[in-house]
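Student: run.tsv (TSV, N, CA and C atoms) pasted underneath:
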chain	number	residue	atom	x	y	z
A	1	ARG	N	94.82	115.03	88.80
A	1	ARG	CA	94.99	114.94	87.37
A	1	ARG	C	96.18	114.05	87.05
A	2	ASN	N	95.99	113.05	86.26
A	2	ASN	CA	97.06	112.17	85.84
A	2	ASN	C	97.31	112.42	84.37
A	3	ALA	N	98.55	112.46	83.97
A	3	ALA	CA	98.86	112.70	82.57
A	3	ALA	C	99.74	111.57	82.04
A	4	PHE	N	99.31	110.94	80.99
A	4	PHE	CA	100.12	109.90	80.37
A	4	PHE	C	100.56	110.39	79.01
A	5	LEU	N	101.85	110.51	78.84
A	5	LEU	CA	102.40	111.01	77.58
A	5	LEU	C	103.46	110.02	77.09
A	6	GLY	N	103.06	109.12	76.23
A	6	GLY	CA	104.01	108.16	75.68
A	6	GLY	C	104.60	107.26	76.73
A	7	ASP	N	105.89	107.39	76.98
A	7	ASP	CA	106.56	106.49	77.90
A	7	ASP	C	106.80	107.10	79.28
A	8	SER	N	106.09	108.19	79.61
A	8	SER	CA	106.23	108.78	80.93
A	8	SER	C	104.86	109.00	81.55
A	9	LEU	N	104.81	108.98	82.86
A	9	LEU	CA	103.55	109.16	83.59
A	9	LEU	C	103.81	110.12	84.72
A	10	THR	N	103.00	111.17	84.80
A	10	THR	CA	103.10	112.14	85.88
A	10	THR	C	101.83	112.04	86.72
A	11	ILE	N	102.00	111.91	88.01
A	11	ILE	CA	100.88	111.74	88.92
A	11	ILE	C	100.82	112.95	89.85
A	12	THR	N	99.64	113.47	90.07
A	12	THR	CA	99.47	114.60	90.98
A	12	THR	C	98.67	114.17	92.20
A	13	ARG	N	98.21	115.12	92.99
A	13	ARG	CA	97.64	114.86	94.30
A	13	ARG	C	96.56	113.80	94.40
A	14	ASP	N	95.77	113.60	93.38
A	14	ASP	CA	94.67	112.65	93.50
A	14	ASP	C	95.08	111.21	93.23
A	15	LEU	N	96.37	110.95	93.34
A	15	LEU	CA	96.90	109.61	93.13
A	15	LEU	C	96.21	108.58	94.02
A	16	GLN	N	95.81	107.50	93.43
A	16	GLN	CA	95.25	106.36	94.15
A	16	GLN	C	96.21	105.20	93.95
A	17	PRO	N	97.17	104.99	94.87
A	17	PRO	CA	98.19	103.97	94.67
A	17	PRO	C	97.63	102.58	94.39
A	18	LYS	N	96.58	102.18	95.07
A	18	LYS	CA	96.05	100.84	94.84
A	18	LYS	C	95.47	100.71	93.44
A	19	ALA	N	94.94	101.79	92.89
A	19	ALA	CA	94.41	101.77	91.52
A	19	ALA	C	95.54	101.80	90.50
A	20	LEU	N	96.62	102.48	90.82
A	20	LEU	CA	97.75	102.62	89.90
A	20	LEU	C	98.63	101.37	89.88
A	21	ALA	N	98.71	100.64	90.98
A	21	ALA	CA	99.61	99.50	91.10
A	21	ALA	C	99.44	98.46	89.99
A	22	PRO	N	98.22	98.04	89.64
A	22	PRO	CA	98.10	97.05	88.55
A	22	PRO	C	98.65	97.58	87.23
A	23	TYR	N	98.44	98.84	86.95
A	23	TYR	CA	98.97	99.45	85.73
A	23	TYR	C	100.50	99.35	85.72
A	24	LEU	N	101.11	99.66	86.85
A	24	LEU	CA	102.57	99.62	86.93
A	24	LEU	C	103.09	98.21	86.75
A	25	ARG	N	102.40	97.24	87.33
A	25	ARG	CA	102.84	95.84	87.23
A	25	ARG	C	102.77	95.33	85.78
A	26	GLU	N	101.77	95.79	85.04
A	26	GLU	CA	101.52	95.26	83.70
A	26	GLU	C	102.17	96.07	82.59
A	27	ASN	N	102.58	97.29	82.87
A	27	ASN	CA	103.11	98.16	81.83
A	27	ASN	C	104.57	97.81	81.55
A	28	SER	N	104.86	97.51	80.29
A	28	SER	CA	106.23	97.16	79.93
A	28	SER	C	106.93	98.27	79.16
A	29	GLN	N	106.28	99.44	79.02
A	29	GLN	CA	106.88	100.53	78.26
A	29	GLN	C	107.16	101.77	79.09
A	30	LEU	N	106.61	101.86	80.29
A	30	LEU	CA	106.78	103.05	81.12
A	30	LEU	C	108.25	103.23	81.49
A	31	GLN	N	108.81	104.37	81.10
A	31	GLN	CA	110.22	104.64	81.39
A	31	GLN	C	110.39	105.67	82.50
A	32	THR	N	109.46	106.60	82.63
A	32	THR	CA	109.57	107.67	83.61
A	32	THR	C	108.29	107.76	84.43
A	33	LEU	N	108.42	107.75	85.75
A	33	LEU	CA	107.28	107.91	86.64
A	33	LEU	C	107.56	109.08	87.57
A	34	VAL	N	106.71	110.11	87.51
A	34	VAL	CA	106.88	111.30	88.34
A	34	VAL	C	105.77	111.32	89.38
A	35	LEU	N	106.17	111.18	90.65
A	35	LEU	CA	105.24	111.23	91.77
A	35	LEU	C	105.56	112.41	92.66
A	36	SER	N	106.27	113.39	92.14
A	36	SER	CA	106.70	114.55	92.89
A	36	SER	C	105.51	115.32	93.45
A	37	GLY	N	105.51	115.50	94.76
A	37	GLY	CA	104.46	116.28	95.42
A	37	GLY	C	103.07	115.68	95.31
A	38	ALA	N	102.98	114.38	95.07
A	38	ALA	CA	101.68	113.73	94.88
A	38	ALA	C	100.99	113.40	96.20
A	39	GLN	N	101.61	113.74	97.31
A	39	GLN	CA	101.06	113.48	98.65
A	39	GLN	C	100.73	112.00	98.86
A	40	VAL	N	101.63	111.16	98.41
A	40	VAL	CA	101.48	109.72	98.58
A	40	VAL	C	101.71	109.40	100.05
A	41	THR	N	100.80	108.65	100.64
A	41	THR	CA	100.93	108.26	102.05
A	41	THR	C	101.96	107.15	102.19
A	42	ALA	N	102.35	106.86	103.42
A	42	ALA	CA	103.31	105.79	103.69
A	42	ALA	C	102.76	104.46	103.18
A	43	GLU	N	101.50	104.19	103.44
A	43	GLU	CA	100.87	102.96	102.97
A	43	GLU	C	100.83	102.91	101.45
A	44	GLY	N	100.47	104.02	100.84
A	44	GLY	CA	100.42	104.09	99.38
A	44	GLY	C	101.78	103.87	98.75
A	45	MET	N	102.81	104.41	99.36
A	45	MET	CA	104.16	104.26	98.81
A	45	MET	C	104.60	102.80	98.86
A	46	LEU	N	104.24	102.09	99.92
A	46	LEU	CA	104.59	100.66	100.01
A	46	LEU	C	103.93	99.88	98.88
A	47	VAL	N	102.68	100.20	98.57
A	47	VAL	CA	101.97	99.55	97.47
A	47	VAL	C	102.69	99.83	96.15
A	48	LEU	N	103.08	101.07	95.94
A	48	LEU	CA	103.77	101.43	94.70
A	48	LEU	C	105.15	100.80	94.59
A	49	ILE	N	105.87	100.72	95.70
A	49	ILE	CA	107.20	100.11	95.68
A	49	ILE	C	107.09	98.66	95.22
A	50	GLU	N	106.13	97.93	95.77
A	50	GLU	CA	105.94	96.53	95.38
A	50	GLU	C	105.61	96.42	93.90
A	51	ALA	N	104.74	97.29	93.41
A	51	ALA	CA	104.35	97.26	91.99
A	51	ALA	C	105.54	97.60	91.10
A	52	LEU	N	106.36	98.56	91.51
A	52	LEU	CA	107.49	98.99	90.69
A	52	LEU	C	108.58	97.93	90.58
A	53	LYS	N	108.62	97.02	91.51
A	53	LYS	CA	109.63	95.96	91.48
A	53	LYS	C	109.46	95.06	90.26
A	54	THR	N	108.29	95.07	89.65
A	54	THR	CA	108.04	94.18	88.51
A	54	THR	C	108.13	94.90	87.16
A	55	THR	N	108.26	96.22	87.16
A	55	THR	CA	108.35	96.94	85.89
A	55	THR	C	109.73	96.71	85.29
A	56	THR	N	109.79	96.64	83.98
A	56	THR	CA	111.06	96.31	83.33
A	56	THR	C	111.70	97.48	82.58
A	57	ALA	N	110.91	98.44	82.14
A	57	ALA	CA	111.45	99.51	81.30
A	57	ALA	C	111.77	100.79	82.08
A	58	LEU	N	111.36	100.87	83.33
A	58	LEU	CA	111.51	102.11	84.10
A	58	LEU	C	112.98	102.52	84.21
A	59	THR	N	113.26	103.78	83.84
A	59	THR	CA	114.63	104.29	83.92
A	59	THR	C	114.73	105.51	84.83
A	60	ALA	N	113.58	106.12	85.18
A	60	ALA	CA	113.60	107.31	86.03
A	60	ALA	C	112.38	107.34	86.93
A	61	LEU	N	112.62	107.65	88.21
A	61	LEU	CA	111.57	107.72	89.21
A	61	LEU	C	111.77	108.97	90.05
A	62	ASP	N	110.72	109.78	90.17
A	62	ASP	CA	110.77	111.00	90.98
A	62	ASP	C	109.70	110.91	92.05
A	63	VAL	N	110.14	110.76	93.29
A	63	VAL	CA	109.21	110.72	94.43
A	63	VAL	C	109.48	111.87	95.39
A	64	SER	N	110.13	112.91	94.88
A	64	SER	CA	110.44	114.07	95.72
A	64	SER	C	109.15	114.77	96.15
A	65	GLY	N	109.22	115.45	97.27
A	65	GLY	CA	108.08	116.22	97.75
A	65	GLY	C	107.00	115.40	98.42
A	66	ASN	N	107.29	114.14	98.74
A	66	ASN	CA	106.37	113.29	99.48
A	66	ASN	C	106.97	113.03	100.85
A	67	LYS	N	106.12	112.83	101.82
A	67	LYS	CA	106.59	112.56	103.19
A	67	LYS	C	106.85	111.07	103.34
A	68	LEU	N	108.07	110.68	102.99
A	68	LEU	CA	108.44	109.28	103.04
A	68	LEU	C	109.20	108.99	104.33
A	69	GLU	N	108.95	107.81	104.87
A	69	GLU	CA	109.68	107.37	106.05
A	69	GLU	C	111.06	106.87	105.61
A	70	GLU	N	112.00	106.86	106.53
A	70	GLU	CA	113.37	106.45	106.20
A	70	GLU	C	113.41	105.04	105.62
A	71	GLU	N	112.59	104.15	106.15
A	71	GLU	CA	112.54	102.76	105.67
A	71	GLU	C	112.12	102.73	104.19
A	72	GLN	N	111.15	103.54	103.84
A	72	GLN	CA	110.68	103.59	102.46
A	72	GLN	C	111.75	104.18	101.55
A	73	LYS	N	112.40	105.23	102.01
A	73	LYS	CA	113.47	105.83	101.22
A	73	LYS	C	114.57	104.81	100.95
A	74	ALA	N	114.94	104.06	101.98
A	74	ALA	CA	115.99	103.05	101.83
A	74	ALA	C	115.58	101.97	100.84
A	75	GLU	N	114.33	101.53	100.90
A	75	GLU	CA	113.86	100.48	100.00
A	75	GLU	C	113.82	100.98	98.55
A	76	ILE	N	113.35	102.20	98.37
A	76	ILE	CA	113.32	102.79	97.03
A	76	ILE	C	114.75	102.92	96.48
A	77	LYS	N	115.66	103.40	97.30
A	77	LYS	CA	117.06	103.55	96.87
A	77	LYS	C	117.64	102.20	96.45
A	78	ARG	N	117.40	101.16	97.27
A	78	ARG	CA	117.92	99.82	96.95
A	78	ARG	C	117.38	99.34	95.60
A	79	MET	N	116.07	99.48	95.43
A	79	MET	CA	115.44	99.03	94.19
A	79	MET	C	116.04	99.77	92.99
A	80	CYS	N	116.18	101.07	93.12
A	80	CYS	CA	116.69	101.88	92.01
A	80	CYS	C	118.15	101.58	91.72
A	81	GLU	N	118.95	101.39	92.75
A	81	GLU	CA	120.36	101.07	92.55
A	81	GLU	C	120.52	99.72	91.87
A	82	THR	N	119.75	98.74	92.31
A	82	THR	CA	119.81	97.39	91.75
A	82	THR	C	119.43	97.39	90.29
A	83	ARG	N	118.42	98.17	89.93
A	83	ARG	CA	117.91	98.16	88.57
A	83	ARG	C	118.41	99.33	87.73
A	84	LYS	N	119.32	100.11	88.28
A	84	LYS	CA	119.93	101.25	87.58
A	84	LYS	C	118.88	102.25	87.11
A	85	ILE	N	117.99	102.61	88.03
A	85	ILE	CA	116.93	103.59	87.78
A	85	ILE	C	117.37	104.91	88.38
A	86	SER	N	117.29	105.98	87.60
A	86	SER	CA	117.59	107.31	88.09
A	86	SER	C	116.52	107.70	89.11
A	87	LEU	N	116.92	108.21	90.29
A	87	LEU	CA	115.99	108.49	91.37
A	87	LEU	C	116.11	109.91	91.86
A	88	GLN	N	114.96	110.54	92.05
A	88	GLN	CA	114.89	111.84	92.74
A	88	GLN	C	114.07	111.62	93.99
A	89	LEU	N	114.69	111.89	95.13
A	89	LEU	CA	114.02	111.74	96.43
A	89	LEU	C	113.73	113.07	97.05
What is this file in structure tokens?
Tutor:
Amino acid sequence: RNAFLGDSLTITRDLQPKALAPYLRENSQLQTLVLSGAQVTAEGMLVLIEALKTTTALTALDVSGNKLEEEQKAEIKRMCETRKISLQL
């Protein structure tokens, strides 16, 4: 179940990263993205990281509760620090 409420998006277990990526690349209003416990795979997270690099309004990202590799965590942290995005890992 995906819920879109104004400027925030919450994603649950049925997340399809490849389907979500174009939305993230094109959305200029999304401020909060919650992927907590969405069971995003390592491959899926890489797809999302690339898509998130192009978003301009994002101010908060929650990827807690996913099995992320250290490399992915480091890349997400770098992206968030550079763009001043609040991060929950």
Student: Write out as a list in words the residues lying within 8 Å of Met79 (chain A), counting all atoms listed in the file and excluding same-chain residues fewer than 5 positions away.
Tutor: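 Using all atoms listed in the file, the neighbours found are Leu52, Lys53, Lys73, Ala74, Lys84 and Ile85 of chain A.
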Student: Point out the residue among A:Pro22, A:Arg78, A:Glu69, A:Arg83 with the least atom-to-atom distance to Leu46 (chain A), counting only C-alpha atoms.
Tutor: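 When distances to Leu46 (chain A) are compared using only C-alpha atoms, the smallest one comes from A:Glu69.
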Student: Tell me, in Å to one decimal, how far CA of Met45 (chain A) is from CA of Leu89 (chain A).
Tutor: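 Pair CA of Met45 (chain A) / CA of Leu89 (chain A) returns 12.6 Å.
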Student: Between atom N of Ala38 (chain A) and atom N of Lys67 (chain A), what is the distance in Å, rounded to a tenth?
Tutor: 7.6 Å
Student: Can you list, as a PyMOL selection string, every residue of chain A that DSSP puts in strand (DSSP E or B)?
Tutor: chain A and resi 2-5+8-11+32-34+60-62+86-88
Student: What are the DSSP helix (DSSP H, G or I) residues of chain A, as a ChimeraX atom specification?
Tutor: /A:17-26,42-52,70-83
Student: Could you jot down the atom C of Ala21 (chain A) to CA of Ala51 (chain A) separation for me, Å, one decimal place?
Tutor: 5.4 Å
Student: Return the single residue from A:Thr54, A:Leu68, A:Gln88, A:Glu81 that is closest to Ala42 (chain A), with distances computed using all atoms listed in the file.
Tutor: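 With all atoms listed in the file as the atom set, the closest residue is A:Leu68.
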Student: Measuring atom to atom with only N, CA and C atoms, identify which of A:Gln16, A:Leu61, A:Asn66, A:Leu48 is nearest to Leu33 (chain A).
Tutor: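 The shortest atom-to-atom distance to Leu33 (chain A) comes from A:Leu61.
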Student: Between A:Ile76, A:Leu30, A:Val40, A:Leu20, which residue has the minimum interatomic distance to Ala57 (chain A), considering all atoms listed in the file?
Tutor: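 Among A:Ile76, A:Leu30, A:Val40, A:Leu20, it is A:Leu30 that comes nearest to Ala57 (chain A).
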Student: Set the distance at 6.5 Å and use all atoms listed in the file: which residues neighbour Ala60 (chain A) once local chain neighbours fewer than 5 positions away are removed? I'd like the list as number ranges by chain.
Tutor: A: 31-34, 85-87
Student: Around the point (104.9, 96.4, 86.0) in the file's coordinates, collect all residues with an atom within 5 Å, using only N, CA and C atoms, and return them as a short mmCIF file (atom, residue, chain, number, x, y, z; two decimals) with N, CA and C atoms, in the frame of the given file.
Tutor:
data_model
loop_
_atom_site.label_atom_id
_atom_site.label_comp_id
_atom_site.auth_asym_id
_atom_site.auth_seq_id
_atom_site.Cartn_x
_atom_site.Cartn_y
_atom_site.Cartn_z
N LEU A 24 101.11 99.66 86.85
CA LEU A 24 102.57 99.62 86.93
C LEU A 24 103.09 98.21 86.75
N ARG A 25 102.40 97.24 87.33
CA ARG A 25 102.84 95.84 87.23
C ARG A 25 102.77 95.33 85.78
N GLU A 26 101.77 95.79 85.04
CA GLU A 26 101.52 95.26 83.70
C GLU A 26 102.17 96.07 82.59
N ASN A 27 102.58 97.29 82.87
CA ASN A 27 103.11 98.16 81.83
C ASN A 27 104.57 97.81 81.55
N THR A 54 108.29 95.07 89.65
CA THR A 54 108.04 94.18 88.51
C THR A 54 108.13 94.90 87.16
N THR A 55 108.26 96.22 87.16
CA THR A 55 108.35 96.94 85.89
C THR A 55 109.73 96.71 85.29
#
Student: Quick one: of A:Ala19, A:Cys80, A:Ile49, A:Leu35, who's nearest to Asp62 (chain A), counting only N, CA and C atoms?
Tutor: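 Once distances to Asp62 (chain A) are computed over only N, CA and C atoms, the minimum belongs to A:Leu35.
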Student: Quick one: of A:Pro17, A:Thr59, A:Glu70, A:Ser28, who's nearest to Glu43 (chain A), counting all atoms listed in the file?
Tutor: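 Going through A:Pro17, A:Thr59, A:Glu70, A:Ser28 one by one, the smallest distance to Glu43 (chain A) is for A:Pro17.
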